[in-house]
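Listing of entry_29.pdb; format and content: PDB, C-alpha atoms and all ligand atoms.
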```
MODEL        1
ATOM      1  CA  MET A 773      18.020  18.515   9.565  1.00  0.00           C
ATOM      2  CA  THR A 774      16.993  15.470   7.558  1.00  0.00           C
ATOM      3  CA  ARG A 775      16.321  16.269   3.930  1.00  0.00           C
ATOM      4  CA  ILE A 776      13.355  14.302   2.594  1.00  0.00           C
ATOM      5  CA  ALA A 777      12.596  14.053  -1.128  1.00  0.00           C
ATOM      6  CA  ILE A 778       9.658  12.483  -2.919  1.00  0.00           C
ATOM      7  CA  TYR A 779       9.854  10.756  -6.261  1.00  0.00           C
ATOM      8  CA  PRO A 780       6.207  10.467  -7.330  1.00  0.00           C
ATOM      9  CA  GLY A 781       4.831   8.702 -10.355  1.00  0.00           C
ATOM     10  CA  SER A 782       2.455   6.173 -11.782  1.00  0.00           C
ATOM     11  CA  PHE A 783       5.171   3.499 -12.102  1.00  0.00           C
ATOM     12  CA  ASP A 784       2.829   1.385 -14.238  1.00  0.00           C
ATOM     13  CA  PRO A 785       5.161  -0.450 -14.405  1.00  0.00           C
ATOM     14  CA  PRO A 786       8.480   0.876 -13.077  1.00  0.00           C
ATOM     15  CA  THR A 787      11.217   0.788 -15.745  1.00  0.00           C
ATOM     16  CA  ARG A 788      14.994   0.834 -15.698  1.00  0.00           C
ATOM     17  CA  GLY A 789      14.606   4.575 -16.263  1.00  0.00           C
ATOM     18  CA  HIS A 790      12.785   4.907 -12.945  1.00  0.00           C
ATOM     19  CA  GLU A 791      15.483   2.815 -11.275  1.00  0.00           C
ATOM     20  CA  ASP A 792      18.153   5.103 -12.682  1.00  0.00           C
ATOM     21  CA  LEU A 793      16.296   8.156 -11.328  1.00  0.00           C
ATOM     22  CA  ILE A 794      15.894   6.554  -7.888  1.00  0.00           C
ATOM     23  CA  ARG A 795      19.666   6.012  -7.699  1.00  0.00           C
ATOM     24  CA  ARG A 796      20.420   9.555  -8.806  1.00  0.00           C
ATOM     25  CA  ALA A 797      17.857  11.066  -6.427  1.00  0.00           C
ATOM     26  CA  LEU A 798      19.256   9.140  -3.483  1.00  0.00           C
ATOM     27  CA  ALA A 799      22.556  10.964  -3.937  1.00  0.00           C
ATOM     28  CA  LEU A 800      20.799  14.300  -3.354  1.00  0.00           C
ATOM     29  CA  THR A 801      18.799  13.586  -0.238  1.00  0.00           C
ATOM     30  CA  ASP A 802      18.899  11.885   3.150  1.00  0.00           C
ATOM     31  CA  ARG A 803      15.633  10.033   2.690  1.00  0.00           C
ATOM     32  CA  LEU A 804      13.693   9.297  -0.476  1.00  0.00           C
ATOM     33  CA  ILE A 805      10.006   8.447  -0.606  1.00  0.00           C
ATOM     34  CA  VAL A 806       9.117   6.688  -3.853  1.00  0.00           C
ATOM     35  CA  ALA A 807       5.400   7.356  -4.045  1.00  0.00           C
ATOM     36  CA  VAL A 808       2.897   5.605  -6.295  1.00  0.00           C
ATOM     37  CA  ALA A 809       0.034   7.926  -7.171  1.00  0.00           C
ATOM     38  CA  ILE A 810      -3.467   6.506  -6.930  1.00  0.00           C
ATOM     39  CA  ASN A 811      -5.349   8.112  -9.793  1.00  0.00           C
ATOM     40  CA  PRO A 812      -9.039   7.171  -9.982  1.00  0.00           C
ATOM     41  CA  ASN A 813      -9.224   8.587 -13.523  1.00  0.00           C
ATOM     42  CA  LYS A 814      -6.628   6.190 -14.869  1.00  0.00           C
ATOM     43  CA  ASN A 815      -7.097   2.540 -15.621  1.00  0.00           C
ATOM     44  CA  PRO A 816      -3.701   1.126 -14.723  1.00  0.00           C
ATOM     45  CA  LEU A 817      -2.321  -2.164 -15.973  1.00  0.00           C
ATOM     46  CA  PHE A 818      -1.043  -3.083 -12.510  1.00  0.00           C
ATOM     47  CA  SER A 819      -2.666  -2.455  -9.139  1.00  0.00           C
ATOM     48  CA  VAL A 820      -1.022  -0.127  -6.643  1.00  0.00           C
ATOM     49  CA  GLU A 821      -0.043  -3.180  -4.557  1.00  0.00           C
ATOM     50  CA  GLU A 822       1.599  -4.833  -7.577  1.00  0.00           C
ATOM     51  CA  ARG A 823       3.512  -1.660  -8.411  1.00  0.00           C
ATOM     52  CA  LEU A 824       4.718  -1.358  -4.814  1.00  0.00           C
ATOM     53  CA  THR A 825       5.862  -4.985  -4.934  1.00  0.00           C
ATOM     54  CA  PHE A 826       7.836  -4.304  -8.120  1.00  0.00           C
ATOM     55  CA  LEU A 827       9.433  -1.274  -6.483  1.00  0.00           C
ATOM     56  CA  GLN A 828      10.304  -3.336  -3.418  1.00  0.00           C
ATOM     57  CA  HIS A 829      12.213  -5.767  -5.639  1.00  0.00           C
ATOM     58  CA  ILE A 830      13.951  -2.842  -7.306  1.00  0.00           C
ATOM     59  CA  VAL A 831      15.067  -0.934  -4.206  1.00  0.00           C
ATOM     60  CA  GLY A 832      15.802  -3.974  -2.024  1.00  0.00           C
ATOM     61  CA  ASN A 833      16.751  -3.170   1.538  1.00  0.00           C
ATOM     62  CA  GLU A 834      18.015   0.380   1.061  1.00  0.00           C
ATOM     63  CA  PRO A 835      17.215   1.914   4.467  1.00  0.00           C
ATOM     64  CA  ARG A 836      17.023   5.469   3.115  1.00  0.00           C
ATOM     65  CA  ILE A 837      14.169   4.637   0.741  1.00  0.00           C
ATOM     66  CA  GLU A 838      10.531   4.354   1.744  1.00  0.00           C
ATOM     67  CA  LEU A 839       7.840   3.098  -0.600  1.00  0.00           C
ATOM     68  CA  ALA A 840       4.397   4.642  -0.298  1.00  0.00           C
ATOM     69  CA  SER A 841       1.205   5.314  -2.184  1.00  0.00           C
ATOM     70  CA  PHE A 842      -0.896   8.426  -2.045  1.00  0.00           C
ATOM     71  CA  SER A 843      -4.153   9.786  -3.350  1.00  0.00           C
ATOM     72  CA  GLY A 844      -5.075  13.428  -3.692  1.00  0.00           C
ATOM     73  CA  LEU A 845      -2.556  16.184  -4.140  1.00  0.00           C
ATOM     74  CA  LEU A 846       1.155  15.516  -4.174  1.00  0.00           C
ATOM     75  CA  ALA A 847       1.657  18.891  -2.466  1.00  0.00           C
ATOM     76  CA  ASP A 848      -0.446  17.721   0.513  1.00  0.00           C
ATOM     77  CA  PHE A 849       1.217  14.328   0.678  1.00  0.00           C
ATOM     78  CA  ALA A 850       4.639  16.017   0.648  1.00  0.00           C
ATOM     79  CA  SER A 851       3.758  18.320   3.509  1.00  0.00           C
ATOM     80  CA  SER A 852       2.267  15.437   5.534  1.00  0.00           C
ATOM     81  CA  ARG A 853       5.647  13.681   5.244  1.00  0.00           C
ATOM     82  CA  GLY A 854       7.838  16.724   5.785  1.00  0.00           C
ATOM     83  CA  ALA A 855       9.273  16.470   2.277  1.00  0.00           C
ATOM     84  CA  THR A 856      10.689  19.609   0.697  1.00  0.00           C
ATOM     85  CA  MET A 857      11.807  18.277  -2.667  1.00  0.00           C
ATOM     86  CA  VAL A 858      10.001  16.606  -5.549  1.00  0.00           C
ATOM     87  CA  VAL A 859      12.192  14.672  -7.932  1.00  0.00           C
ATOM     88  CA  ARG A 860      11.076  14.111 -11.506  1.00  0.00           C
ATOM     89  CA  GLY A 861      12.844  12.866 -14.592  1.00  0.00           C
ATOM     90  CA  LEU A 862      13.243  14.972 -17.719  1.00  0.00           C
ATOM     91  CA  ARG A 863      13.845  12.775 -20.709  1.00  0.00           C
ATOM     92  CA  ALA A 864      13.243  15.095 -23.617  1.00  0.00           C
ATOM     93  CA  VAL A 865      11.913  18.546 -24.455  1.00  0.00           C
ATOM     94  CA  SER A 866       8.476  16.955 -24.793  1.00  0.00           C
ATOM     95  CA  ASP A 867       8.439  16.306 -21.038  1.00  0.00           C
ATOM     96  CA  PHE A 868       9.211  19.886 -20.208  1.00  0.00           C
ATOM     97  CA  GLU A 869       5.890  21.680 -20.518  1.00  0.00           C
ATOM     98  CA  TYR A 870       3.907  19.280 -18.357  1.00  0.00           C
ATOM     99  CA  GLU A 871       6.671  19.090 -15.753  1.00  0.00           C
ATOM    100  CA  PHE A 872       7.024  22.874 -15.666  1.00  0.00           C
ATOM    101  CA  GLN A 873       3.287  23.359 -15.116  1.00  0.00           C
ATOM    102  CA  MET A 874       3.223  20.719 -12.418  1.00  0.00           C
ATOM    103  CA  ALA A 875       6.215  22.228 -10.600  1.00  0.00           C
ATOM    104  CA  ILE A 876       4.609  25.672 -10.575  1.00  0.00           C
ATOM    105  CA  MET A 877       1.278  24.298  -9.384  1.00  0.00           C
ATOM    106  CA  ASN A 878       2.902  22.165  -6.687  1.00  0.00           C
ATOM    107  CA  ARG A 879       4.849  25.144  -5.343  1.00  0.00           C
ATOM    108  CA  ARG A 880       1.729  27.278  -5.386  1.00  0.00           C
ATOM    109  CA  LEU A 881      -0.096  24.632  -3.360  1.00  0.00           C
ATOM    110  CA  ASN A 882       2.874  24.058  -1.053  1.00  0.00           C
ATOM    111  CA  PRO A 883       5.353  26.982  -1.055  1.00  0.00           C
ATOM    112  CA  GLY A 884       7.948  24.860   0.748  1.00  0.00           C
ATOM    113  CA  LEU A 885       8.117  22.354  -2.082  1.00  0.00           C
ATOM    114  CA  GLU A 886      10.836  22.661  -4.720  1.00  0.00           C
ATOM    115  CA  SER A 887      10.965  20.485  -7.834  1.00  0.00           C
ATOM    116  CA  VAL A 888      14.261  19.053  -8.997  1.00  0.00           C
ATOM    117  CA  PHE A 889      14.615  17.535 -12.450  1.00  0.00           C
ATOM    118  CA  LEU A 890      17.087  14.800 -13.181  1.00  0.00           C
ATOM    119  CA  VAL A 891      18.208  13.539 -16.559  1.00  0.00           C
ATOM    120  CA  PRO A 892      18.369   9.764 -16.871  1.00  0.00           C
ATOM    121  CA  ALA A 893      21.240   7.784 -18.373  1.00  0.00           C
ATOM    122  CA  VAL A 894      21.317   8.596 -22.079  1.00  0.00           C
ATOM    123  CA  ASP A 895      20.431   5.055 -23.201  1.00  0.00           C
ATOM    124  CA  LEU A 896      17.245   5.237 -21.110  1.00  0.00           C
ATOM    125  CA  THR A 897      15.967   8.584 -22.365  1.00  0.00           C
ATOM    126  CA  TYR A 898      13.571   6.984 -24.868  1.00  0.00           C
ATOM    127  CA  LEU A 899      12.083   4.651 -22.272  1.00  0.00           C
ATOM    128  CA  SER A 900       8.600   5.042 -20.796  1.00  0.00           C
ATOM    129  CA  SER A 901       6.126   2.813 -18.994  1.00  0.00           C
ATOM    130  CA  SER A 902       3.638   3.219 -21.836  1.00  0.00           C
ATOM    131  CA  LEU A 903       6.166   2.046 -24.442  1.00  0.00           C
ATOM    132  CA  VAL A 904       7.053  -0.920 -22.247  1.00  0.00           C
ATOM    133  CA  ARG A 905       3.352  -1.794 -21.849  1.00  0.00           C
ATOM    134  CA  GLU A 906       2.784  -1.560 -25.590  1.00  0.00           C
ATOM    135  CA  ALA A 907       5.834  -3.624 -26.522  1.00  0.00           C
ATOM    136  CA  ALA A 908       4.911  -6.298 -23.974  1.00  0.00           C
ATOM    137  CA  HIS A 909       1.279  -6.267 -25.091  1.00  0.00           C
ATOM    138  CA  PHE A 910       2.295  -7.232 -28.614  1.00  0.00           C
ATOM    139  CA  GLY A 911       4.813  -9.824 -27.459  1.00  0.00           C
ATOM    140  CA  GLY A 912       7.955  -7.712 -27.905  1.00  0.00           C
ATOM    141  CA  SER A 913      10.917  -8.278 -25.623  1.00  0.00           C
ATOM    142  CA  VAL A 914      11.299  -5.857 -22.743  1.00  0.00           C
ATOM    143  CA  GLU A 915      14.429  -7.540 -21.440  1.00  0.00           C
ATOM    144  CA  GLY A 916      16.865  -4.994 -20.086  1.00  0.00           C
ATOM    145  CA  LEU A 917      14.183  -2.296 -19.992  1.00  0.00           C
ATOM    146  CA  VAL A 918      12.540  -3.441 -16.764  1.00  0.00           C
ATOM    147  CA  HIS A 919      13.477  -5.503 -13.702  1.00  0.00           C
ATOM    148  CA  PRO A 920      13.060  -9.272 -14.380  1.00  0.00           C
ATOM    149  CA  VAL A 921      10.172  -9.401 -11.891  1.00  0.00           C
ATOM    150  CA  VAL A 922       8.348  -6.777 -13.946  1.00  0.00           C
ATOM    151  CA  ALA A 923       9.164  -8.561 -17.223  1.00  0.00           C
ATOM    152  CA  GLN A 924       7.688 -11.757 -15.800  1.00  0.00           C
ATOM    153  CA  ALA A 925       4.557  -9.979 -14.573  1.00  0.00           C
ATOM    154  CA  LEU A 926       4.076  -8.382 -17.998  1.00  0.00           C
ATOM    155  CA  ALA A 927       4.446 -11.754 -19.695  1.00  0.00           C
ATOM    156  CA  VAL A 928       1.848 -13.279 -17.379  1.00  0.00           C
ATOM    157  CA  ARG A 929      -0.504 -10.309 -17.797  1.00  0.00           C
ATOM    158  CA  PHE A 930      -0.342 -10.498 -21.588  1.00  0.00           C
ATOM    159  CA  GLY A 931      -0.184 -14.286 -21.783  1.00  0.00           C
ATOM    160  CA  THR A 932       3.202 -14.308 -23.467  1.00  0.00           C
ATOM    161  CA  ASP A 933       5.147 -16.157 -20.751  1.00  0.00           C
ATOM    162  CA  VAL A 934       6.806 -19.398 -21.834  1.00  0.00           C
ATOM    163  CA  VAL A 935       5.758 -22.361 -19.713  1.00  0.00           C
ATOM    164  CA  SER A 936       8.682 -24.767 -19.601  1.00  0.00           C
TER     165      SER A 936
HETATM  166  O1  LIG B   1       4.388   8.940 -13.765  1.00  0.00           O
HETATM  167  P1  LIG B   1       3.441  10.060 -14.065  1.00  0.00           P
HETATM  168  O2  LIG B   1       2.083   9.526 -14.490  1.00  0.00           O
HETATM  169  O3  LIG B   1       3.986  11.065 -15.038  1.00  0.00           O
HETATM  170  O4  LIG B   1       3.221  10.838 -12.657  1.00  0.00           O
HETATM  171  C1  LIG B   1       2.378  11.968 -12.561  1.00  0.00           C
HETATM  172  C2  LIG B   1       2.099  12.307 -11.087  1.00  0.00           C
HETATM  173  C3  LIG B   1       1.506  11.107 -10.383  1.00  0.00           C
HETATM  174  C4  LIG B   1       3.390  12.692 -10.400  1.00  0.00           C
HETATM  175  C5  LIG B   1       1.122  13.508 -11.027  1.00  0.00           C
HETATM  176  O5  LIG B   1       0.003  13.241 -11.826  1.00  0.00           O
HETATM  177  C6  LIG B   1       0.660  13.820  -9.607  1.00  0.00           C
HETATM  178  O6  LIG B   1       1.406  14.335  -8.818  1.00  0.00           O
HETATM  179  N1  LIG B   1      -0.607  13.461  -9.298  1.00  0.00           N
HETATM  180  C7  LIG B   1      -1.216  13.725  -7.994  1.00  0.00           C
HETATM  181  C8  LIG B   1      -2.205  14.909  -8.089  1.00  0.00           C
HETATM  182  C9  LIG B   1      -1.432  16.215  -8.151  1.00  0.00           C
HETATM  183  O7  LIG B   1      -0.909  16.643  -7.144  1.00  0.00           O
HETATM  184  N2  LIG B   1      -1.311  16.793  -9.382  1.00  0.00           N
HETATM  185  C10 LIG B   1      -0.433  17.935  -9.661  1.00  0.00           C
HETATM  186  C11 LIG B   1      -0.909  19.268  -9.169  1.00  0.00           C
HETATM  187  S1  LIG B   1      -2.588  19.670  -9.558  1.00  0.00           S
ENDMDL
END
```
As structure tokens, what does this structure read like?
Ligand code: PNS
Amino acid sequence: MTRIAIYPGSFDPPTRGHEDLIRRALALTDRLIVAVAINPNKNPLFSVEERLTFLQHIVGNEPRIELASFSGLLADFASSRGATMVVRGLRAVSDFEYEFQMAIMNRRLNPGLESVFLVPAVDLTYLSSSLVREAAHFGGSVEGLVHPVVAQALAVRFGTDVVS
């Protein structure tokens, strides 16, 4: 039986922390669906298409990874794809309560869906998309925190790219 896991998120934008989680998750499953959530209540910095393009640069040609977007419930999307595992990162205690609630709700909505929490590399535990957005917004360097394609897109978005 092929084990299919989903790594869902906003990925606005994807960071090196997300990349680290993708690598770790791939070791636990046969196929991994990295799924960008479409949330009509959020006003993202990057469109879903842009975020999928960033992720494509990040994952390259890995045949076991599929990139997707979804709207509605993760539990429904998982069952439509035959996925039985949700992968999420746990960076600090502050992540725990929200993740715990979501895992319980997802399993209630889809009893075949288990959540698995992975801890990122220790030097990435402080990293989040919102911190990256804020640093980039005020012209701070995000080098090493995101893929170069993302760093370039942030610089263009915030008008801080250097035209040579
Ligand atoms: O990267 P994020 O913003 O922490 O990801 C949160 C996400 C997208 C995984 C979560 O909000 C989600 O699964 N949204 C889809 C709707 C849903 O199923 N919510 C949880 C159960 S009500």
Just the residues within 10 Å of stretch 863-872 of chain A, please, counting only C-alpha atoms, with nothing from its chain fewer than 2 positions along; format it as a PDB file with C-alpha atoms, keeping the file's coordinate frame.
```
ATOM      1  CA  GLY A 789      14.606   4.575 -16.263  1.00  0.00           C
ATOM      2  CA  ARG A 860      11.076  14.111 -11.506  1.00  0.00           C
ATOM      3  CA  GLY A 861      12.844  12.866 -14.592  1.00  0.00           C
ATOM      4  CA  MET A 874       3.223  20.719 -12.418  1.00  0.00           C
ATOM      5  CA  ALA A 875       6.215  22.228 -10.600  1.00  0.00           C
ATOM      6  CA  ILE A 876       4.609  25.672 -10.575  1.00  0.00           C
ATOM      7  CA  MET A 877       1.278  24.298  -9.384  1.00  0.00           C
ATOM      8  CA  ASN A 878       2.902  22.165  -6.687  1.00  0.00           C
ATOM      9  CA  SER A 887      10.965  20.485  -7.834  1.00  0.00           C
ATOM     10  CA  PHE A 889      14.615  17.535 -12.450  1.00  0.00           C
ATOM     11  CA  LEU A 890      17.087  14.800 -13.181  1.00  0.00           C
ATOM     12  CA  VAL A 891      18.208  13.539 -16.559  1.00  0.00           C
ATOM     13  CA  PRO A 892      18.369   9.764 -16.871  1.00  0.00           C
ATOM     14  CA  ALA A 893      21.240   7.784 -18.373  1.00  0.00           C
ATOM     15  CA  VAL A 894      21.317   8.596 -22.079  1.00  0.00           C
ATOM     16  CA  LEU A 896      17.245   5.237 -21.110  1.00  0.00           C
ATOM     17  CA  THR A 897      15.967   8.584 -22.365  1.00  0.00           C
ATOM     18  CA  TYR A 898      13.571   6.984 -24.868  1.00  0.00           C
ATOM     19  CA  LEU A 899      12.083   4.651 -22.272  1.00  0.00           C
ATOM     20  CA  SER A 900       8.600   5.042 -20.796  1.00  0.00           C
TER      21      SER A 900
END
```
Subject >> Environment of ligand LIG 1 (chain B) within 10 Å, counting all atoms listed in the file, reported as a PyMOL selection string >> reply: chain A and resi 778-786+790+807-811+814+842-850+858-861+867+870-871+873-881+900-902
Could you save the residues just selected, with C-alpha atoms, as an mmCIF file, keeping the file's coordinate frame?
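Written out: result_11.cif:
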```
data_model
loop_
_atom_site.group_PDB
_atom_site.id
_atom_site.type_symbol
_atom_site.label_atom_id
_atom_site.label_comp_id
_atom_site.auth_asym_id
_atom_site.auth_seq_id
_atom_site.Cartn_x
_atom_site.Cartn_y
_atom_site.Cartn_z
ATOM 1 C CA ILE A 778 9.658 12.483 -2.919
ATOM 2 C CA TYR A 779 9.854 10.756 -6.261
ATOM 3 C CA PRO A 780 6.207 10.467 -7.330
ATOM 4 C CA GLY A 781 4.831 8.702 -10.355
ATOM 5 C CA SER A 782 2.455 6.173 -11.782
ATOM 6 C CA PHE A 783 5.171 3.499 -12.102
ATOM 7 C CA ASP A 784 2.829 1.385 -14.238
ATOM 8 C CA PRO A 785 5.161 -0.450 -14.405
ATOM 9 C CA PRO A 786 8.480 0.876 -13.077
ATOM 10 C CA HIS A 790 12.785 4.907 -12.945
ATOM 11 C CA ALA A 807 5.400 7.356 -4.045
ATOM 12 C CA VAL A 808 2.897 5.605 -6.295
ATOM 13 C CA ALA A 809 0.034 7.926 -7.171
ATOM 14 C CA ILE A 810 -3.467 6.506 -6.930
ATOM 15 C CA ASN A 811 -5.349 8.112 -9.793
ATOM 16 C CA LYS A 814 -6.628 6.190 -14.869
ATOM 17 C CA PHE A 842 -0.896 8.426 -2.045
ATOM 18 C CA SER A 843 -4.153 9.786 -3.350
ATOM 19 C CA GLY A 844 -5.075 13.428 -3.692
ATOM 20 C CA LEU A 845 -2.556 16.184 -4.140
ATOM 21 C CA LEU A 846 1.155 15.516 -4.174
ATOM 22 C CA ALA A 847 1.657 18.891 -2.466
ATOM 23 C CA ASP A 848 -0.446 17.721 0.513
ATOM 24 C CA PHE A 849 1.217 14.328 0.678
ATOM 25 C CA ALA A 850 4.639 16.017 0.648
ATOM 26 C CA VAL A 858 10.001 16.606 -5.549
ATOM 27 C CA VAL A 859 12.192 14.672 -7.932
ATOM 28 C CA ARG A 860 11.076 14.111 -11.506
ATOM 29 C CA GLY A 861 12.844 12.866 -14.592
ATOM 30 C CA ASP A 867 8.439 16.306 -21.038
ATOM 31 C CA TYR A 870 3.907 19.280 -18.357
ATOM 32 C CA GLU A 871 6.671 19.090 -15.753
ATOM 33 C CA GLN A 873 3.287 23.359 -15.116
ATOM 34 C CA MET A 874 3.223 20.719 -12.418
ATOM 35 C CA ALA A 875 6.215 22.228 -10.600
ATOM 36 C CA ILE A 876 4.609 25.672 -10.575
ATOM 37 C CA MET A 877 1.278 24.298 -9.384
ATOM 38 C CA ASN A 878 2.902 22.165 -6.687
ATOM 39 C CA ARG A 879 4.849 25.144 -5.343
ATOM 40 C CA ARG A 880 1.729 27.278 -5.386
ATOM 41 C CA LEU A 881 -0.096 24.632 -3.360
ATOM 42 C CA SER A 900 8.600 5.042 -20.796
ATOM 43 C CA SER A 901 6.126 2.813 -18.994
ATOM 44 C CA SER A 902 3.638 3.219 -21.836
#
```
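Each of A:Phe826, A:Asp933, A:Glu834, A:Gln924 was checked against A:Thr787 using all atoms listed in the file; the smallest atom-to-atom distance is that of A:Phe826.
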Subject >> Residue among A:Arg853, A:Ser841, A:Ile794, A:Ala907 lying closest to A:Glu822, counting only C-alpha atoms >> reply: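 For A:Glu822, the nearest of the given residues is A:Ser841.
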Original post:
So what do you get for atom CA of A:Asp792 versus atom CA of A:Glu838, distance-wise?
Top reply: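 Atom-to-atom, atom CA of A:Asp792 and atom CA of A:Glu838 are spaced 16.3 Å apart.
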**OP:** Figure out the distance between atom CA of A:Ile837 and atom CA of A:Ile805, please, to one decimal in Å.
**Re:** 5.8 Å
**OP:** Point out the residue among A:Leu793, A:Leu817, A:Val888, A:Ala777 with the least atom-to-atom distance to A:Leu926, counting all atoms listed in the file.
**Re:**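 With all atoms listed in the file as the atom set, the closest residue is A:Leu817.
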Original post:
atom CA of A:Val904 and atom CA of A:Ala923 are how many Å apart?
Top reply: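 For atom CA of A:Val904 relative to atom CA of A:Ala923, the distance reads 9.4 Å.
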Original post:
Which of these residues is nearest to A:Gly854, using only C-alpha atoms: A:Met773, A:Ala799, A:Leu839, A:Val921?
Top reply: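 For A:Gly854, the nearest of the candidates is A:Met773.
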Subject >> Pick from A:Leu862, A:Asp802, A:Arg905, A:Glu915 nearest to A:Phe818, counting only C-alpha atoms >> reply: A:Arg905
Subject >> Proximity to A:Gly916 - best of A:Arg929, A:Arg788, A:Pro835, A:Arg775, all atoms listed in the file >> reply: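 Looking only at the distances to A:Gly916, the closest residue turns out to be A:Arg788.
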Just need the box for stretch 857-866 of chain A, edges along x, y and z, holding every atom the file lists for it with 5 Å tacked onto each side, so centre and edge lengths in Å to one decimal, as AutoDock Vina command-line options.
```
--center_x 11.2 --center_y 15.7 --center_z -13.7 --size_x 15.4 --size_y 15.8 --size_z 32.1
```
Would you kindly place N, CA and C atoms on stretch 812-829 of chain A and return the model as a short mmCIF file (atom, residue, chain, number, x, y, z; two decimals), in the coordinates of the input?
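This went into part25.cif:
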```
data_model
loop_
_atom_site.label_atom_id
_atom_site.label_comp_id
_atom_site.auth_asym_id
_atom_site.auth_seq_id
_atom_site.Cartn_x
_atom_site.Cartn_y
_atom_site.Cartn_z
N PRO A 812 -7.77 7.84 -9.65
CA PRO A 812 -9.04 7.17 -9.98
C PRO A 812 -9.47 7.38 -11.44
N ASN A 813 -8.86 8.35 -12.12
CA ASN A 813 -9.22 8.59 -13.52
C ASN A 813 -8.43 7.72 -14.50
N LYS A 814 -7.44 7.03 -13.99
CA LYS A 814 -6.63 6.19 -14.87
C LYS A 814 -7.01 4.74 -14.67
N ASN A 815 -6.82 3.96 -15.71
CA ASN A 815 -7.10 2.54 -15.62
C ASN A 815 -5.76 1.81 -15.75
N PRO A 816 -5.07 1.64 -14.63
CA PRO A 816 -3.70 1.13 -14.72
C PRO A 816 -3.66 -0.34 -15.10
N LEU A 817 -2.52 -0.75 -15.65
CA LEU A 817 -2.32 -2.16 -15.97
C LEU A 817 -2.12 -2.97 -14.69
N PHE A 818 -1.35 -2.39 -13.77
CA PHE A 818 -1.04 -3.08 -12.51
C PHE A 818 -1.66 -2.32 -11.33
N SER A 819 -2.09 -3.08 -10.34
CA SER A 819 -2.67 -2.46 -9.14
C SER A 819 -1.57 -1.71 -8.37
N VAL A 820 -1.99 -0.86 -7.47
CA VAL A 820 -1.02 -0.13 -6.64
C VAL A 820 -0.16 -1.13 -5.86
N GLU A 821 -0.79 -2.18 -5.34
CA GLU A 821 -0.04 -3.18 -4.56
C GLU A 821 1.00 -3.86 -5.43
N GLU A 822 0.63 -4.20 -6.67
CA GLU A 822 1.60 -4.83 -7.58
C GLU A 822 2.76 -3.89 -7.87
N ARG A 823 2.45 -2.62 -8.09
CA ARG A 823 3.51 -1.66 -8.41
C ARG A 823 4.45 -1.47 -7.22
N LEU A 824 3.86 -1.48 -6.02
CA LEU A 824 4.72 -1.36 -4.81
C LEU A 824 5.60 -2.61 -4.65
N THR A 825 5.05 -3.75 -5.01
CA THR A 825 5.86 -4.99 -4.93
C THR A 825 7.02 -4.92 -5.93
N PHE A 826 6.74 -4.45 -7.14
CA PHE A 826 7.84 -4.30 -8.12
C PHE A 826 8.91 -3.38 -7.56
N LEU A 827 8.47 -2.26 -7.00
CA LEU A 827 9.43 -1.27 -6.48
C LEU A 827 10.23 -1.86 -5.33
N GLN A 828 9.58 -2.71 -4.53
CA GLN A 828 10.30 -3.34 -3.42
C GLN A 828 11.43 -4.22 -3.95
N HIS A 829 11.16 -4.96 -5.01
CA HIS A 829 12.21 -5.77 -5.64
C HIS A 829 13.33 -4.87 -6.16
#
```
